[in-house]
Amino acid sequence: MSEMKALWTPSNTFINNSNLKKFEKWLSVEKGLSFSSYEDIRSWSITDTSAFWEAVWQYFDIKCHSPYSKIIEGKMPGTQWFTGATLNYAEHIFRHKSNNRPALIFATEANGVSQISWAALEKKVAAFQRYLVKIGIKKGDCVAAYLPNIPEAIIAFLAVNSIGAVWSCCSPDFGVNTVIDRFQQIKPKLLIATDGYNYGGKTFQRLAEVSSINEALPEAEHVVIVPNISTEMDAGYDNWEEIISDFNEVNVQFTPVPFNHPIWVLYSSGTTGKPKAITHSHGGVLIEHLKYMAFHNDVKEGENFFWFTTTGWMMWNFLQASMLVGATPVLYDGSPGYPDLNILWKLTAELPIHHFGTSAPYLVACMKKNLEPGKEHNLLNLRSIGSTGAPLPPEAFDWVYTKISKNIWLTSMSGGTDVCTAFVGGCPYEPVYEGQIQCRALGCDLEAYNDEGEATTEALGEMVINQPMPSMPVFFWDDPGMERYKSSYFDKYPDKWCHGDWIEIKKNGSLIIYGRSDATLNRKGVRIGTAEIYSILDGITELSDSLILNIEKSNGDDVMPLFVVTKKEGLTNELTTRIKKELKEQGSPRHVPDFIMSVPDIPYTLSGKKMEVPIKKILMGMNSGVNKDAIRNPDAIEYFLNYREEFKQAYL
């Protein structure tokens, strides 16, 4: 990764037509500001923070029902933004309603593609809003949803949001205890749930789970069932279809709320402890999503914006934010691999999709299957591919440009549930370099800190954000004194946000993320990011998956095991030798594990992240109380639970 290999360079036409260039021209005319480069703009955005965010507010003409008296006050955590301002997130979505294009596009495994017009969307939102008011839901109340990525989820969110209530959602593939662990914290007054969902050609019933969840939420006086797989209805539940159809008005009413009023509650993984109930604000995500969608994703009015996600991942919230800039979100309910991995590329060609978003593992899976989407499908309308969820290896960068299109804009990004946006991501002004993220986002004062707490470049460092951003959480729900909030981000560097990722900032402003800092491989005193290992292993076609750990011994020594999932041939001596050879030659002798072991599966969180730290703790004997309901493939954890004693005897 040390060599800079440019895979794509924006043309002058691309740059001049970008939303960022339009903003830059507006700044010149309205503010008398001029810039020579992207980094010049970003430097202004973090040195004159108030002026930058006020400019974003003015540029997007944010509708404010009462004026703000101050843009920013207070240090992290607890920073207050746009004090005095009142607004509504959903209201800004409906300002883009148009009768000549769809509000939503919806695709499923079984039923193909359908569209929802703005008129239909507005009517359904107004109908559900009336229902909410009728049953007594008011500003500040929590509403919980257990829904797949279907239009009804967005309709319900917009209705809840429009009256100033607080939204929270889990995907129906979450287990009962996982959902209860989350929703019990916020004590919702209403539960909206599905009767089931389809995935991978199979149908999954969920009414029994809904009943168990409802029993654990005594404050939820009503349950609304969205029929997704059947028209039958259990007594005692309110029927979504009846609620939506029994109403003829089309006007949605919007309740203005303070800028820092809670908009939704998202959750950390909860694999080894109580999930953090991360609460964001109406105004914070509004202004951040406008900034990121427009300037870093370059999404334009009339385009179709897709991200493969479930409702349990923050990218679902981010997906519908495309409506803020006049685009149409494309929803997909089903498996990205059914009937095969070509299904999403086929959909991209047919609609068409202009911005295609997915996880890094999906692109790697397509690469390993030797797919050639650019050859098999007409993707001429596809402008960008977005990737997040894990570091994207250089090989996958190359695959995008050789097997999809040499003209595509690959925007690898990284942020998270914590801020519901990206700290680092796409820039329409800069080249895309192999294995590297293009830039630090506007308004994001991010540095890589070395062991002395100093900002560094061209070296591995801890990701630290020096100044507040509007979409940082206003608090964690049920967190007296903000103790969990403070300990999550501010223990290491007071008044500075420590995100927990290892990064390297290149001199040209691009970045490499090496994985979570708490999973870093401290190999004989040299730090190695887990992403470095995975990047090399991704090039070995006989491997389906892998997990690398570095475990410290009490005597100060360490042991580094590599667990791999192999294909048909299994872990042969020849393959073991080749793995070690590739790690040594492409990395260094320190990249070579102490031993390699074949395992049936690698455990992942529900949001698709490898469980490096929980497995490390299991093998160290530090933690066995893993919440299996918070694991996407819970059977995968059994191997490591059974192996820990043998590992302890042999290596610790």
# chains A, B, ... in the order shown; residues from 1 in each chain; ligands from 1
>>> residues_around(residues="range 345-361 of chain A", least_positions_apart="5", cutoff="6 Å", atoms="only C-alpha atoms", output="ChimeraX atom specification")
/A:304-308,378-379,381-390,392
>>> select_by_dssp(residues="range 139-264 of chain A", states="strand (DSSP E or B)", output="PyMOL selection string")
chain A and resi 142-146+166-170+190-194+196-199+202-205+222-226+238-239+257-258+262-264
>>> closest_residue(among="A:Ala90, A:Gly570, A:Glu249, A:Pro593", to="Leu547 in chain A", atoms="only C-alpha atoms")
A:Pro593
>>> closest_atom_pairs(of="range 359-467 of chain A", to="range 258-275 of chain A", cutoff="9 Å", atoms="only C-alpha atoms", output="tab-separated table")
residue	atom	partner	partner_atom	distance
A:Thr417	CA	A:Leu266	CA	6.7
A:Asp418	CA	A:Ser268	CA	8.1
A:Cys420	CA	A:Leu266	CA	8.7
>>> atom_distance(atom1="CA of Cys439 in chain A", atom2="CA of Ser412 in chain A")
9.7 Å
>>> closest_residue(among="A:Trp409, A:Phe52, A:Phe82, A:Trp240", to="Val125 in chain A", atoms="only C-alpha atoms")
A:Trp240
>>> atom_distance(atom1="CA of Ile631 in chain A", atom2="CA of Ile180 in chain A")
14.6 Å
>>> residues_around(residues="range 595-603 of chain A", least_positions_apart="2", cutoff="8 Å", atoms="only C-alpha atoms", output="JSON, numbers by chain")
{"A": [545, 546, 547, 560, 561, 562, 563, 564, 565, 566, 570, 571, 576, 593, 605, 610, 611, 631, 632, 633, 634, 635, 636, 637, 639]}
>>> write_last_selection(atoms="N, CA and C atoms", output="PDB file, in the first residue's frame")
ATOM      1  N   ASP A 545     -12.927 -17.036   4.188  1.00  0.00           N
ATOM      2  CA  ASP A 545     -12.964 -16.009   5.220  1.00  0.00           C
ATOM      3  C   ASP A 545     -11.801 -16.252   6.179  1.00  0.00           C
ATOM      4  N   SER A 546     -11.569 -15.263   7.070  1.00  0.00           N
ATOM      5  CA  SER A 546     -10.462 -15.398   8.006  1.00  0.00           C
ATOM      6  C   SER A 546     -10.651 -14.484   9.202  1.00  0.00           C
ATOM      7  N   LEU A 547      -9.940 -14.805  10.270  1.00  0.00           N
ATOM      8  CA  LEU A 547      -9.945 -13.991  11.485  1.00  0.00           C
ATOM      9  C   LEU A 547      -8.551 -14.037  12.090  1.00  0.00           C
ATOM     10  N   MET A 560      -0.065 -15.072  18.031  1.00  0.00           N
ATOM     11  CA  MET A 560      -0.928 -14.573  16.969  1.00  0.00           C
ATOM     12  C   MET A 560      -1.489 -15.743  16.160  1.00  0.00           C
ATOM     13  N   PRO A 561      -2.719 -16.154  16.465  1.00  0.00           N
ATOM     14  CA  PRO A 561      -3.351 -17.221  15.691  1.00  0.00           C
ATOM     15  C   PRO A 561      -4.122 -16.656  14.497  1.00  0.00           C
ATOM     16  N   LEU A 562      -4.182 -17.438  13.436  1.00  0.00           N
ATOM     17  CA  LEU A 562      -5.001 -17.107  12.268  1.00  0.00           C
ATOM     18  C   LEU A 562      -6.013 -18.223  12.068  1.00  0.00           C
ATOM     19  N   PHE A 563      -7.282 -17.862  12.088  1.00  0.00           N
ATOM     20  CA  PHE A 563      -8.362 -18.817  11.849  1.00  0.00           C
ATOM     21  C   PHE A 563      -8.902 -18.585  10.440  1.00  0.00           C
ATOM     22  N   VAL A 564      -9.007 -19.650   9.662  1.00  0.00           N
ATOM     23  CA  VAL A 564      -9.439 -19.506   8.277  1.00  0.00           C
ATOM     24  C   VAL A 564     -10.605 -20.446   7.968  1.00  0.00           C
ATOM     25  N   VAL A 565     -11.443 -20.004   7.056  1.00  0.00           N
ATOM     26  CA  VAL A 565     -12.494 -20.849   6.481  1.00  0.00           C
ATOM     27  C   VAL A 565     -12.054 -21.163   5.062  1.00  0.00           C
ATOM     28  N   THR A 566     -11.875 -22.433   4.771  1.00  0.00           N
ATOM     29  CA  THR A 566     -11.377 -22.834   3.457  1.00  0.00           C
ATOM     30  C   THR A 566     -12.514 -23.333   2.574  1.00  0.00           C
ATOM     31  N   GLY A 570      -9.897 -27.819   1.805  1.00  0.00           N
ATOM     32  CA  GLY A 570      -9.491 -27.811   3.190  1.00  0.00           C
ATOM     33  C   GLY A 570      -8.128 -27.156   3.371  1.00  0.00           C
ATOM     34  N   LEU A 571      -7.650 -27.138   4.600  1.00  0.00           N
ATOM     35  CA  LEU A 571      -6.373 -26.508   4.928  1.00  0.00           C
ATOM     36  C   LEU A 571      -5.247 -27.524   4.763  1.00  0.00           C
ATOM     37  N   THR A 576      -1.215 -23.932   3.735  1.00  0.00           N
ATOM     38  CA  THR A 576      -0.639 -23.292   4.926  1.00  0.00           C
ATOM     39  C   THR A 576       0.682 -22.617   4.589  1.00  0.00           C
ATOM     40  N   PRO A 593       1.422 -15.496  11.098  1.00  0.00           N
ATOM     41  CA  PRO A 593       0.871 -15.959  12.384  1.00  0.00           C
ATOM     42  C   PRO A 593       1.708 -17.068  12.993  1.00  0.00           C
ATOM     43  N   THR A 605     -21.010  -9.695  13.778  1.00  0.00           N
ATOM     44  CA  THR A 605     -22.105  -8.985  14.439  1.00  0.00           C
ATOM     45  C   THR A 605     -23.263  -8.844  13.467  1.00  0.00           C
ATOM     46  N   LYS A 610     -16.570  -8.358  11.719  1.00  0.00           N
ATOM     47  CA  LYS A 610     -15.929  -9.520  12.327  1.00  0.00           C
ATOM     48  C   LYS A 610     -15.756  -9.297  13.820  1.00  0.00           C
ATOM     49  N   MET A 611     -16.018 -10.337  14.595  1.00  0.00           N
ATOM     50  CA  MET A 611     -15.986 -10.214  16.052  1.00  0.00           C
ATOM     51  C   MET A 611     -14.584 -10.478  16.595  1.00  0.00           C
ATOM     52  N   ILE A 631     -25.441 -11.899  17.314  1.00  0.00           N
ATOM     53  CA  ILE A 631     -24.491 -12.426  16.346  1.00  0.00           C
ATOM     54  C   ILE A 631     -25.250 -12.864  15.098  1.00  0.00           C
ATOM     55  N   ARG A 632     -24.768 -12.466  13.954  1.00  0.00           N
ATOM     56  CA  ARG A 632     -25.442 -12.796  12.700  1.00  0.00           C
ATOM     57  C   ARG A 632     -25.469 -14.302  12.468  1.00  0.00           C
ATOM     58  N   ASN A 633     -24.384 -14.983  12.803  1.00  0.00           N
ATOM     59  CA  ASN A 633     -24.275 -16.434  12.625  1.00  0.00           C
ATOM     60  C   ASN A 633     -23.849 -17.057  13.965  1.00  0.00           C
ATOM     61  N   PRO A 634     -24.773 -17.171  14.921  1.00  0.00           N
ATOM     62  CA  PRO A 634     -24.423 -17.561  16.285  1.00  0.00           C
ATOM     63  C   PRO A 634     -23.730 -18.916  16.414  1.00  0.00           C
ATOM     64  N   ASP A 635     -23.982 -19.826  15.480  1.00  0.00           N
ATOM     65  CA  ASP A 635     -23.326 -21.135  15.567  1.00  0.00           C
ATOM     66  C   ASP A 635     -21.813 -21.008  15.444  1.00  0.00           C
ATOM     67  N   ALA A 636     -21.359 -19.946  14.786  1.00  0.00           N
ATOM     68  CA  ALA A 636     -19.916 -19.773  14.563  1.00  0.00           C
ATOM     69  C   ALA A 636     -19.156 -19.541  15.855  1.00  0.00           C
ATOM     70  N   ILE A 637     -19.827 -19.042  16.885  1.00  0.00           N
ATOM     71  CA  ILE A 637     -19.153 -18.737  18.144  1.00  0.00           C
ATOM     72  C   ILE A 637     -18.852 -20.002  18.940  1.00  0.00           C
ATOM     73  N   TYR A 639     -17.492 -22.829  18.181  1.00  0.00           N
ATOM     74  CA  TYR A 639     -16.147 -23.380  18.011  1.00  0.00           C
ATOM     75  C   TYR A 639     -15.169 -22.721  18.976  1.00  0.00           C
TER      76      TYR A 639
END
>>> residues_around(residues="range 185-198 of chain A", least_positions_apart="2", cutoff="7 Å", atoms="only C-alpha atoms", output="MDAnalysis selection string")
chainID A and resid 141:148 182:183 200:207 210 217 219:229 334 477:478
>>> residues_around(residues="range 466-470 of chain A", least_positions_apart="2", cutoff="10 Å", atoms="only C-alpha atoms", output="ChimeraX atom specification")
/A:46-47,49,53,72-82,259-260,280-288,419,423,443-447,463-464,472-474,493-498
>>> closest_residue(among="A:Ser471, A:Gln649, A:Asn370, A:Thr255", to="Ala396 in chain A", atoms="only C-alpha atoms")
A:Asn370
>>> atom_distance(atom1="CA of Ser98 in chain A", atom2="CA of Pro151 in chain A")
17.5 Å
